[in-house]
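Structure file work35.pdb with PDB, C-alpha atoms:
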```
ATOM      1  CA  VAL A  42      27.942  31.760  -1.672
ATOM      2  CA  PHE A  43      28.141  28.512  -3.554
ATOM      3  CA  GLU A  44      31.902  27.938  -3.350
ATOM      4  CA  ILE A  45      31.525  24.485  -1.838
ATOM      5  CA  VAL A  46      29.638  23.293  -4.913
ATOM      6  CA  LYS A  47      32.057  24.944  -7.307
ATOM      7  CA  LYS A  48      34.973  23.137  -5.675
ATOM      8  CA  ASN A  49      33.305  19.734  -5.172
ATOM      9  CA  GLN A  50      30.701  19.407  -7.885
ATOM     10  CA  GLU A  51      31.133  15.658  -8.389
ATOM     11  CA  ASN A  52      30.928  14.923  -4.660
ATOM     12  CA  ILE A  53      27.904  17.157  -4.240
ATOM     13  CA  ALA A  54      26.189  15.558  -7.238
ATOM     14  CA  ASP A  55      26.817  12.094  -5.762
ATOM     15  CA  GLU A  56      25.358  13.105  -2.381
ATOM     16  CA  TRP A  57      22.323  14.740  -3.948
ATOM     17  CA  SER A  58      21.711  11.677  -6.134
ATOM     18  CA  LYS A  59      21.459   9.459  -3.043
ATOM     19  CA  ALA A  60      18.272  11.304  -2.070
ATOM     20  CA  ASN A  61      16.559  10.617  -5.386
ATOM     21  CA  GLY A  62      13.424   8.566  -4.647
ATOM     22  CA  ASN A  63      14.831   7.738  -1.228
ATOM     23  CA  ASN A  64      11.773   8.391   0.910
ATOM     24  CA  TYR A  65      10.741   6.043   3.710
ATOM     25  CA  ARG A  66       8.899   2.778   3.105
ATOM     26  CA  CYS A  67       7.819   0.378   5.822
ATOM     27  CA  LYS A  68       9.969  -2.732   6.093
ATOM     28  CA  ILE A  69       7.997  -5.898   5.300
ATOM     29  CA  ASN A  70       8.924  -7.534   8.611
ATOM     30  CA  SER A  71       7.697  -4.470  10.516
ATOM     31  CA  THR A  72       4.179  -4.287   9.068
ATOM     32  CA  PHE A  73       1.034  -5.399  10.879
ATOM     33  CA  VAL A  74      -2.747  -5.118  10.646
ATOM     34  CA  TYR A  75      -4.547  -3.508  13.556
ATOM     35  CA  GLU A  76      -8.358  -3.550  13.340
ATOM     36  CA  ASN A  77      -8.256  -3.366   9.524
ATOM     37  CA  TYR A  78      -5.674  -0.573   9.732
ATOM     38  CA  LYS A  79      -2.352  -1.413   8.092
ATOM     39  CA  GLY A  80       0.626   0.027   9.928
ATOM     40  CA  CYS A  81       4.245  -0.589  10.782
ATOM     41  CA  TYR A  82       6.360  -0.676  13.898
ATOM     42  CA  LEU A  83       9.014   1.972  14.389
ATOM     43  CA  ASN A  84      11.753   0.315  16.437
ATOM     44  CA  LYS A  85      10.473  -3.241  16.160
ATOM     45  CA  ASP A  86      12.446  -4.257  19.269
ATOM     46  CA  LYS A  87       9.834  -2.342  21.296
ATOM     47  CA  LYS A  88       6.776  -3.299  19.257
ATOM     48  CA  LYS A  89       4.597  -3.857  22.313
ATOM     49  CA  ASP A  90       5.274  -0.258  23.354
ATOM     50  CA  TYR A  91       2.723   1.505  21.167
ATOM     51  CA  ASN A  92       1.518   4.427  23.276
ATOM     52  CA  ILE A  93       2.972   6.675  20.559
ATOM     53  CA  VAL A  94       1.380   6.854  17.108
ATOM     54  CA  ILE A  95       2.400   8.737  13.966
ATOM     55  CA  LEU A  96      -0.709   9.390  11.884
ATOM     56  CA  GLY A  97      -1.410  10.897   8.475
ATOM     57  CA  ASN A  98      -0.597  10.359   4.823
ATOM     58  CA  SER A  99       2.776  10.056   3.087
ATOM     59  CA  HIS A 100       3.797  13.334   4.737
ATOM     60  CA  ALA A 101       3.617  11.545   8.079
ATOM     61  CA  GLN A 102       5.500   8.542   6.724
ATOM     62  CA  MET A 103       8.422  10.700   5.572
ATOM     63  CA  TYR A 104       9.265  11.536   9.213
ATOM     64  CA  ALA A 105       9.630   7.845  10.139
ATOM     65  CA  PRO A 106      13.462   7.734   9.806
ATOM     66  CA  LEU A 107      13.752  10.555  12.342
ATOM     67  CA  PHE A 108      11.323   8.841  14.712
ATOM     68  CA  GLU A 109      13.182   5.529  14.338
ATOM     69  CA  LYS A 110      16.471   7.208  15.234
ATOM     70  CA  ILE A 111      15.024   8.903  18.326
ATOM     71  CA  LEU A 112      13.025   5.865  19.467
ATOM     72  CA  LYS A 113      16.050   3.564  19.305
ATOM     73  CA  GLU A 114      18.176   6.041  21.242
ATOM     74  CA  GLU A 115      15.421   6.484  23.845
ATOM     75  CA  ASN A 116      14.569   2.756  23.942
ATOM     76  CA  ARG A 117      10.950   3.426  23.030
ATOM     77  CA  GLY A 118       8.561   2.176  20.377
ATOM     78  CA  ALA A 119       5.830   3.671  18.218
ATOM     79  CA  ARG A 120       3.418   2.734  15.465
ATOM     80  CA  LEU A 121       3.049   4.404  12.102
ATOM     81  CA  PHE A 122      -0.482   4.519  10.653
ATOM     82  CA  VAL A 123      -0.678   5.926   7.136
ATOM     83  CA  ARG A 124      -3.372   6.369   4.512
ATOM     84  CA  PRO A 125      -1.254   7.413   1.498
ATOM     85  CA  ASN A 126      -3.899   9.458  -0.325
ATOM     86  CA  CYS A 127      -6.080  10.691   2.534
ATOM     87  CA  LEU A 128      -5.816  13.195   5.365
ATOM     88  CA  PRO A 129      -6.313  12.120   9.002
ATOM     89  CA  THR A 130      -8.961  14.804   9.614
ATOM     90  CA  VAL A 131     -12.613  13.800  10.080
ATOM     91  CA  ILE A 132     -14.553  16.975   9.246
ATOM     92  CA  ILE A 133     -12.546  18.039   6.166
ATOM     93  CA  ASN A 134     -10.745  15.790   3.691
ATOM     94  CA  ILE A 135     -10.089  15.394  -0.019
ATOM     95  CA  SER A 136     -13.034  13.085  -0.769
ATOM     96  CA  LYS A 137     -16.040  11.398   0.815
ATOM     97  CA  LYS A 138     -14.184   8.083   0.783
ATOM     98  CA  CYS A 139     -11.276   9.662   2.680
ATOM     99  CA  LEU A 140     -13.674  11.202   5.211
ATOM    100  CA  ASN A 141     -15.146   7.773   5.921
ATOM    101  CA  GLU A 142     -11.720   6.131   6.212
ATOM    102  CA  ALA A 143     -10.462   8.920   8.487
ATOM    103  CA  LYS A 144     -13.476   8.480  10.794
ATOM    104  CA  GLN A 145     -12.895   4.728  11.087
ATOM    105  CA  ASN A 146      -9.199   5.170  11.794
ATOM    106  CA  PHE A 147      -9.856   7.983  14.252
ATOM    107  CA  LYS A 148     -12.259   5.814  16.296
ATOM    108  CA  ILE A 149      -9.680   3.013  16.532
ATOM    109  CA  ILE A 150      -7.049   5.363  17.936
ATOM    110  CA  LEU A 151      -9.497   7.294  20.108
ATOM    111  CA  ASN A 152     -10.718   4.128  21.811
ATOM    112  CA  ASP A 153      -7.335   2.477  22.315
ATOM    113  CA  PRO A 154      -6.373   3.173  25.954
ATOM    114  CA  ASN A 155      -2.700   2.426  25.289
ATOM    115  CA  ILE A 156      -2.210   5.346  22.903
ATOM    116  CA  LYS A 157      -1.227   8.588  24.649
ATOM    117  CA  PHE A 158       0.632  10.697  22.066
ATOM    118  CA  ILE A 159      -0.512  11.150  18.444
ATOM    119  CA  PHE A 160       1.824  12.961  16.046
ATOM    120  CA  ILE A 161       0.118  14.014  12.818
ATOM    121  CA  SER A 162       1.513  15.303   9.568
ATOM    122  CA  MET A 163      -0.210  15.707   6.225
ATOM    123  CA  THR A 164      -0.246  17.550   2.909
ATOM    124  CA  TRP A 165      -1.466  21.143   2.608
ATOM    125  CA  TYR A 166      -1.042  21.528  -1.130
ATOM    126  CA  GLY A 167      -4.214  20.078  -2.681
ATOM    127  CA  SER A 168      -6.521  21.971  -4.990
ATOM    128  CA  LYS A 169      -9.746  20.598  -3.522
ATOM    129  CA  TYR A 170     -11.009  19.856  -0.007
ATOM    130  CA  ILE A 171     -14.549  19.002   1.085
ATOM    131  CA  ASP A 172     -16.456  19.066   4.371
ATOM    132  CA  VAL A 173     -18.864  16.407   5.696
ATOM    133  CA  GLU A 174     -21.708  17.866   3.630
ATOM    134  CA  GLY A 175     -19.677  17.687   0.418
ATOM    135  CA  ASN A 176     -19.085  21.437   0.179
ATOM    136  CA  GLN A 177     -15.764  22.543  -1.248
ATOM    137  CA  VAL A 178     -13.649  24.443   1.296
ATOM    138  CA  ASN A 179     -10.357  26.332   1.311
ATOM    139  CA  TYR A 180      -7.162  24.662   2.588
ATOM    140  CA  THR A 181      -7.004  27.172   5.456
ATOM    141  CA  LYS A 182     -10.020  25.365   6.990
ATOM    142  CA  LEU A 183      -7.733  22.418   7.691
ATOM    143  CA  VAL A 184      -6.671  24.237  10.867
ATOM    144  CA  ASP A 185     -10.234  23.884  12.182
ATOM    145  CA  ALA A 186     -10.215  20.196  11.263
ATOM    146  CA  ILE A 187      -6.939  19.598  13.127
ATOM    147  CA  SER A 188      -8.209  21.587  16.120
ATOM    148  CA  ASP A 189     -11.300  19.352  16.147
ATOM    149  CA  LEU A 190      -9.081  16.250  16.284
ATOM    150  CA  GLY A 191      -7.057  17.749  19.115
ATOM    151  CA  ALA A 192     -10.141  18.515  21.199
ATOM    152  CA  GLN A 193     -11.573  15.015  20.769
ATOM    153  CA  PHE A 194      -8.268  13.363  21.643
ATOM    154  CA  GLU A 195      -7.882  15.633  24.667
ATOM    155  CA  ASN A 196     -11.294  14.546  25.965
ATOM    156  CA  LYS A 197      -9.920  10.991  26.017
ATOM    157  CA  GLY A 198      -6.706  11.995  27.821
ATOM    158  CA  LYS A 199      -4.581  11.877  24.683
ATOM    159  CA  THR A 200      -2.229  14.533  23.323
ATOM    160  CA  LEU A 201      -2.124  15.609  19.674
ATOM    161  CA  LEU A 202       1.147  16.981  18.278
ATOM    162  CA  VAL A 203       1.055  18.675  14.887
ATOM    163  CA  PHE A 204       3.787  19.079  12.274
ATOM    164  CA  SER A 205       3.835  22.381  10.429
ATOM    165  CA  PRO A 206       3.450  22.703   6.666
ATOM    166  CA  ILE A 207       6.765  22.962   4.823
ATOM    167  CA  GLN A 208       7.805  24.616   1.591
ATOM    168  CA  ILE A 209       8.043  21.942  -1.123
ATOM    169  CA  PRO A 210      10.009  22.229  -4.390
ATOM    170  CA  ASN A 211       7.285  20.882  -6.711
ATOM    171  CA  ARG A 212      10.161  19.614  -8.882
ATOM    172  CA  GLU A 213      12.220  16.433  -8.874
ATOM    173  CA  LEU A 214      15.371  18.265  -7.782
ATOM    174  CA  ALA A 215      17.184  15.162  -6.484
ATOM    175  CA  ASN A 216      16.946  13.751  -9.998
ATOM    176  CA  GLU A 217      17.424  16.950 -11.974
ATOM    177  CA  LEU A 218      20.186  18.876 -10.204
ATOM    178  CA  PRO A 219      22.897  16.158  -9.923
ATOM    179  CA  ARG A 220      22.815  15.719 -13.715
ATOM    180  CA  LEU A 221      23.063  19.461 -14.254
ATOM    181  CA  LEU A 222      26.062  19.599 -11.922
ATOM    182  CA  ARG A 223      27.870  16.650 -13.505
ATOM    183  CA  PHE A 224      27.391  17.709 -17.101
ATOM    184  CA  LYS A 225      27.624  21.469 -16.458
ATOM    185  CA  LYS A 226      24.646  22.192 -18.660
ATOM    186  CA  ILE A 227      24.016  25.518 -16.955
ATOM    187  CA  PRO A 228      26.239  27.761 -14.779
ATOM    188  CA  THR A 229      26.702  26.578 -11.189
ATOM    189  CA  ASP A 230      25.133  29.734  -9.800
ATOM    190  CA  GLU A 231      21.982  28.967 -11.781
ATOM    191  CA  ILE A 232      21.857  25.500 -10.232
ATOM    192  CA  TYR A 233      22.266  27.053  -6.787
ATOM    193  CA  LYS A 234      19.256  29.312  -7.398
ATOM    194  CA  LYS A 235      17.078  26.225  -7.856
ATOM    195  CA  THR A 236      17.864  24.986  -4.323
ATOM    196  CA  PHE A 237      15.861  27.627  -2.465
ATOM    197  CA  VAL A 238      12.967  30.081  -2.710
ATOM    198  CA  ASP A 239      12.329  33.387  -1.016
ATOM    199  CA  ARG A 240      10.797  32.749   2.399
ATOM    200  CA  LYS A 241       8.026  35.214   1.518
ATOM    201  CA  GLU A 242       6.596  32.567  -0.816
ATOM    202  CA  TYR A 243       6.179  30.249   2.168
ATOM    203  CA  GLU A 244       4.922  32.969   4.514
ATOM    204  CA  ASN A 245       2.305  34.164   2.034
ATOM    205  CA  LYS A 246       0.668  30.745   2.049
ATOM    206  CA  PHE A 247       1.306  29.449   5.542
ATOM    207  CA  ASN A 248       2.079  32.260   7.977
ATOM    208  CA  ASN A 249      -1.518  32.618   9.215
ATOM    209  CA  ILE A 250      -1.898  28.845   9.410
ATOM    210  CA  ASN A 251       1.277  28.531  11.501
ATOM    211  CA  LEU A 252       0.181  31.359  13.800
ATOM    212  CA  ARG A 253      -3.184  29.695  14.385
ATOM    213  CA  LEU A 254      -1.710  26.227  14.921
ATOM    214  CA  GLY A 255       0.876  27.688  17.303
ATOM    215  CA  LYS A 256      -1.855  29.417  19.293
ATOM    216  CA  ILE A 257      -3.998  26.259  19.502
ATOM    217  CA  PHE A 258      -1.274  23.683  20.179
ATOM    218  CA  GLY A 259       1.528  25.702  21.789
ATOM    219  CA  GLU A 260       4.513  23.458  22.575
ATOM    220  CA  ASN A 261       2.763  20.621  20.757
ATOM    221  CA  PHE A 262       3.147  22.436  17.431
ATOM    222  CA  ILE A 263       6.314  21.172  15.705
ATOM    223  CA  THR A 264       7.713  23.958  13.524
ATOM    224  CA  VAL A 265       9.618  21.925  10.934
ATOM    225  CA  TYR A 266       9.846  24.937   8.631
ATOM    226  CA  LYS A 267      12.344  26.529  11.024
ATOM    227  CA  ASP A 268      14.817  23.762  10.150
ATOM    228  CA  LEU A 269      14.326  24.324   6.425
ATOM    229  CA  CYS A 270      14.093  28.121   6.326
ATOM    230  CA  ASP A 271      16.184  31.024   7.577
ATOM    231  CA  VAL A 272      14.967  34.618   7.736
ATOM    232  CA  LYS A 273      15.529  35.067   4.001
ATOM    233  CA  ASN A 274      15.008  31.738   2.212
ATOM    234  CA  CYS A 275      13.510  28.245   2.448
ATOM    235  CA  TYR A 276      15.887  25.521   1.235
ATOM    236  CA  PHE A 277      15.417  22.320  -0.746
ATOM    237  CA  ALA A 278      19.142  21.559  -0.647
ATOM    238  CA  LYS A 279      22.030  23.100   1.236
ATOM    239  CA  ASN A 280      25.705  22.347   0.612
ATOM    240  CA  ASP A 281      25.810  18.547   0.131
ATOM    241  CA  ILE A 282      22.414  17.911   1.774
ATOM    242  CA  MET A 283      19.445  17.265  -0.523
ATOM    243  CA  TYR A 284      16.428  17.589   1.756
ATOM    244  CA  PHE A 285      13.866  16.241  -0.717
ATOM    245  CA  SER A 286      13.654  12.835  -2.368
ATOM    246  CA  ASP A 287      11.107  13.982  -4.959
ATOM    247  CA  SER A 288       8.826  16.929  -5.630
ATOM    248  CA  ASN A 289       7.329  17.046  -2.136
ATOM    249  CA  HIS A 290       8.691  14.394   0.282
ATOM    250  CA  LEU A 291      11.662  14.789   2.588
ATOM    251  CA  SER A 292      14.452  12.302   1.935
ATOM    252  CA  LYS A 293      15.642   9.796   4.524
ATOM    253  CA  GLN A 294      18.994  11.603   4.627
ATOM    254  CA  GLY A 295      17.430  15.032   4.929
ATOM    255  CA  VAL A 296      14.826  14.340   7.589
ATOM    256  CA  VAL A 297      17.295  12.995  10.169
ATOM    257  CA  LEU A 298      19.247  16.256   9.933
ATOM    258  CA  LEU A 299      16.357  18.450  11.118
ATOM    259  CA  LYS A 300      17.949  19.510  14.404
ATOM    260  CA  GLU A 301      15.172  21.553  16.024
ATOM    261  CA  THR A 302      12.507  19.067  14.957
ATOM    262  CA  ASN A 303      14.619  16.272  16.439
ATOM    263  CA  LYS A 304      14.928  18.121  19.760
ATOM    264  CA  LYS A 305      11.213  18.794  19.987
ATOM    265  CA  ILE A 306      10.146  15.223  19.193
ATOM    266  CA  ARG A 307      12.738  13.805  21.583
ATOM    267  CA  LYS A 308      11.627  16.107  24.410
ATOM    268  CA  LYS A 309       7.993  15.030  23.955
ATOM    269  CA  ILE A 310       8.860  11.333  23.854
ATOM    270  CA  GLN A 311      11.022  11.696  26.966
ATOM    271  CA  SER A 312       8.109  13.342  28.779
ATOM    272  CA  LEU A 313       5.835  10.353  28.195
ATOM    273  CA  LYS A 314       6.144   8.005  31.147
TER     274      LYS A 314
END
```

Take the structure I supplied and represent it as structure tokens, if you would.
Amino acid sequence: VFEIVKKNQENIADEWSKANGNNYRCKINSTFVYENYKGCYLNKDKKKDYNIVILGNSHAQMYAPLFEKILKEENRGARLFVRPNCLPTVIINISKKCLNEAKQNFKIILNDPNIKFIFISMTWYGSKYIDVEGNQVNYTKLVDAISDLGAQFENKGKTLLVFSPIQIPNRELANELPRLLRFKKIPTDEIYKKTFVDRKEYENKFNNINLRLGKIFGENFITVYKDLCDVKNCYFAKNDIMYFSDSNHLSKQGVVLLKETNKKIRKKIQSLK
């Protein structure tokens, strides 16, 4: 199964190493402040075209290279609004401070008549979430919080598009595995086993969440996990592609290779007149 790595270990190690720490950061000349909200332009050539927004935390930011590619090809623009340590949801978040920030940011986007499409992505892996009364709630309640956002945006004639949770490695594989390959510290087959997990591990945590989000958002639910998982496994690396730059963020190289996700985003952007 892992013949390609056995034959080309040095080349594979080099390709995997390129992903190490290589997650997206806004370019300095693309940043701006919009009503106290720091953001950046995606496809700066079309910076006045901001009816598309990508919203969330660092798990929204990691999709920026894919958006940039599509936006340039479609001659469109978008804005990326990120709060690195907070969720975009206004009735459940990780802290009271984040709830307040999310509410402020939400109002800005809700009341901007130019914004029509809002893509959101966020983390689903925290140990603690709270509601507006400060009560601790389970991560599965995040579906209700996203549904609440969608309903409020819809009332203003805006469309919310939601990225699915993905299986994350929880290990710095882009740093660890190239060294193991180069120095042959463990058998190649053992290295291969670190590049995927049984899909059941993902389904056990997120299957019900994905079913609910799919039912609520339909075609506006972007099933990224289908690009990273087959019927048997979910992959962190495949052949010479290292999908993750660190323990939980997609790499710039990996994210642009998500074929089905690319198609779905492109179709939605093309539909926006």

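The neighbours of Leu151 (chain A) here are the residues that come within 12 Å of it, using all atoms listed in the file and leaving out any residue fewer than 2 positions away in the same chain; they are Asn92, Val94, Ala143, Lys144, Gln145, Asn146, Phe147, Lys148, Ile149, Asp153, Pro154, Asn155, Ile156, Lys157, Phe158, Ile159, Leu190, Gly191, Ala192, Gln193, Phe194, Glu195, Asn196, Lys197, Gly198, Lys199, Thr200 and Leu201 of chain A.
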
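Selection check: the PyMOL selection byres ((chain A and resi 96-104) around 8) on the shown file gives Asn64, Tyr65, Arg66, Val94, Ile95, Ala105, Pro106, Leu107, Phe108, Leu121, Phe122, Val123, Arg124, Pro125, Asn126, Cys127, Leu128, Pro129, Ile159, Phe160, Ile161, Ser162, Met163, Thr164, His290, Leu291, Ser292, Lys293 and Val296 of chain A.
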
Do you know which residues are at most 8 Å from Asp90 (chain A) counting all atoms listed in the file, after dropping those on the same chain fewer than 4 positions away, and could you put them as a VMD selection string?
chain A and resid 117 to 119

Run the PyMOL selection byres ((chain A and resi 271-276) around 7) against the file shown and list the residues it catches, as a short mmCIF file (atom, residue, chain, number, x, y, z; two decimals) with C-alpha atoms, in the coordinates of the input.
```
data_model
loop_
_atom_site.label_atom_id
_atom_site.label_comp_id
_atom_site.auth_asym_id
_atom_site.auth_seq_id
_atom_site.Cartn_x
_atom_site.Cartn_y
_atom_site.Cartn_z
CA GLN A 208 7.80 24.62 1.59
CA THR A 236 17.86 24.99 -4.32
CA PHE A 237 15.86 27.63 -2.46
CA VAL A 238 12.97 30.08 -2.71
CA ASP A 239 12.33 33.39 -1.02
CA ARG A 240 10.80 32.75 2.40
CA LYS A 267 12.34 26.53 11.02
CA LEU A 269 14.33 24.32 6.42
CA CYS A 270 14.09 28.12 6.33
CA PHE A 277 15.42 22.32 -0.75
CA ALA A 278 19.14 21.56 -0.65
CA LYS A 279 22.03 23.10 1.24
#
```

If you count all atoms listed in the file, which residues fall within 12 Å of Glu213 (chain A), apart from same-chain ones fewer than 5 positions away, as a PyMOL selection string?
chain A and resi 57-58+60-63+218-220+235-236+277-278+283-292

Got a sec: who's within 8 Å of Cys81 (chain A), counting all atoms listed in the file, leaving out chain neighbours fewer than 5 positions off, as a list in words?
Cys67, Lys68, Ser71, Thr72, Phe73, Arg120, Leu121 and Phe122 of chain A

Enclose all atoms of region 181-193 of chain A listed in the file in an axis-aligned box, grow every side by 6 Å, and hand back centre and edge lengths in Å to one decimal, as lines of an AutoDock Vina configuration file.
```
center_x = -9.1
center_y = 21.1
center_z = 13.3
size_x = 16.9
size_y = 24.2
size_z = 27.7
```

Once the PyMOL selection byres ((chain A and resi 258) around 10) is applied to the coordinates I shared, what remains selected? I want it as a list in words.
Ile187, Ser188, Gly191, Thr200, Leu201, Leu202, Val203, Arg253, Leu254, Gly255, Lys256, Ile257, Gly259, Glu260, Asn261, Phe262 and Ile263 of chain A

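The space between CA of Asn211 (chain A) and CA of Gly167 (chain A) spans 12.2 Å.
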
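Of note, CA of Ile111 (chain A) and CA of Ile310 (chain A) are spaced 8.6 Å apart.
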
Near region 132-135 of chain A, counting only C-alpha atoms, which residues have an atom at most 6 Å away, once you skip same-chain residues fewer than 2 positions from it, shown as an mmCIF file with C-alpha atoms, in the coordinates of the input?
```cif
data_model
loop_
_atom_site.group_PDB
_atom_site.id
_atom_site.type_symbol
_atom_site.label_atom_id
_atom_site.label_comp_id
_atom_site.auth_asym_id
_atom_site.auth_seq_id
_atom_site.Cartn_x
_atom_site.Cartn_y
_atom_site.Cartn_z
ATOM 1 C CA LEU A 128 -5.816 13.195 5.365
ATOM 2 C CA THR A 130 -8.961 14.804 9.614
ATOM 3 C CA LEU A 140 -13.674 11.202 5.211
ATOM 4 C CA TYR A 170 -11.009 19.856 -0.007
ATOM 5 C CA ILE A 171 -14.549 19.002 1.085
ATOM 6 C CA ASP A 172 -16.456 19.066 4.371
ATOM 7 C CA VAL A 173 -18.864 16.407 5.696
ATOM 8 C CA ALA A 186 -10.215 20.196 11.263
#
```

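Proximity to Tyr78 (chain A) was assessed for A:Asn245, A:Ile150, A:Ser205, A:Lys110 counting all atoms listed in the file; the smallest distance is recorded for A:Ile150.
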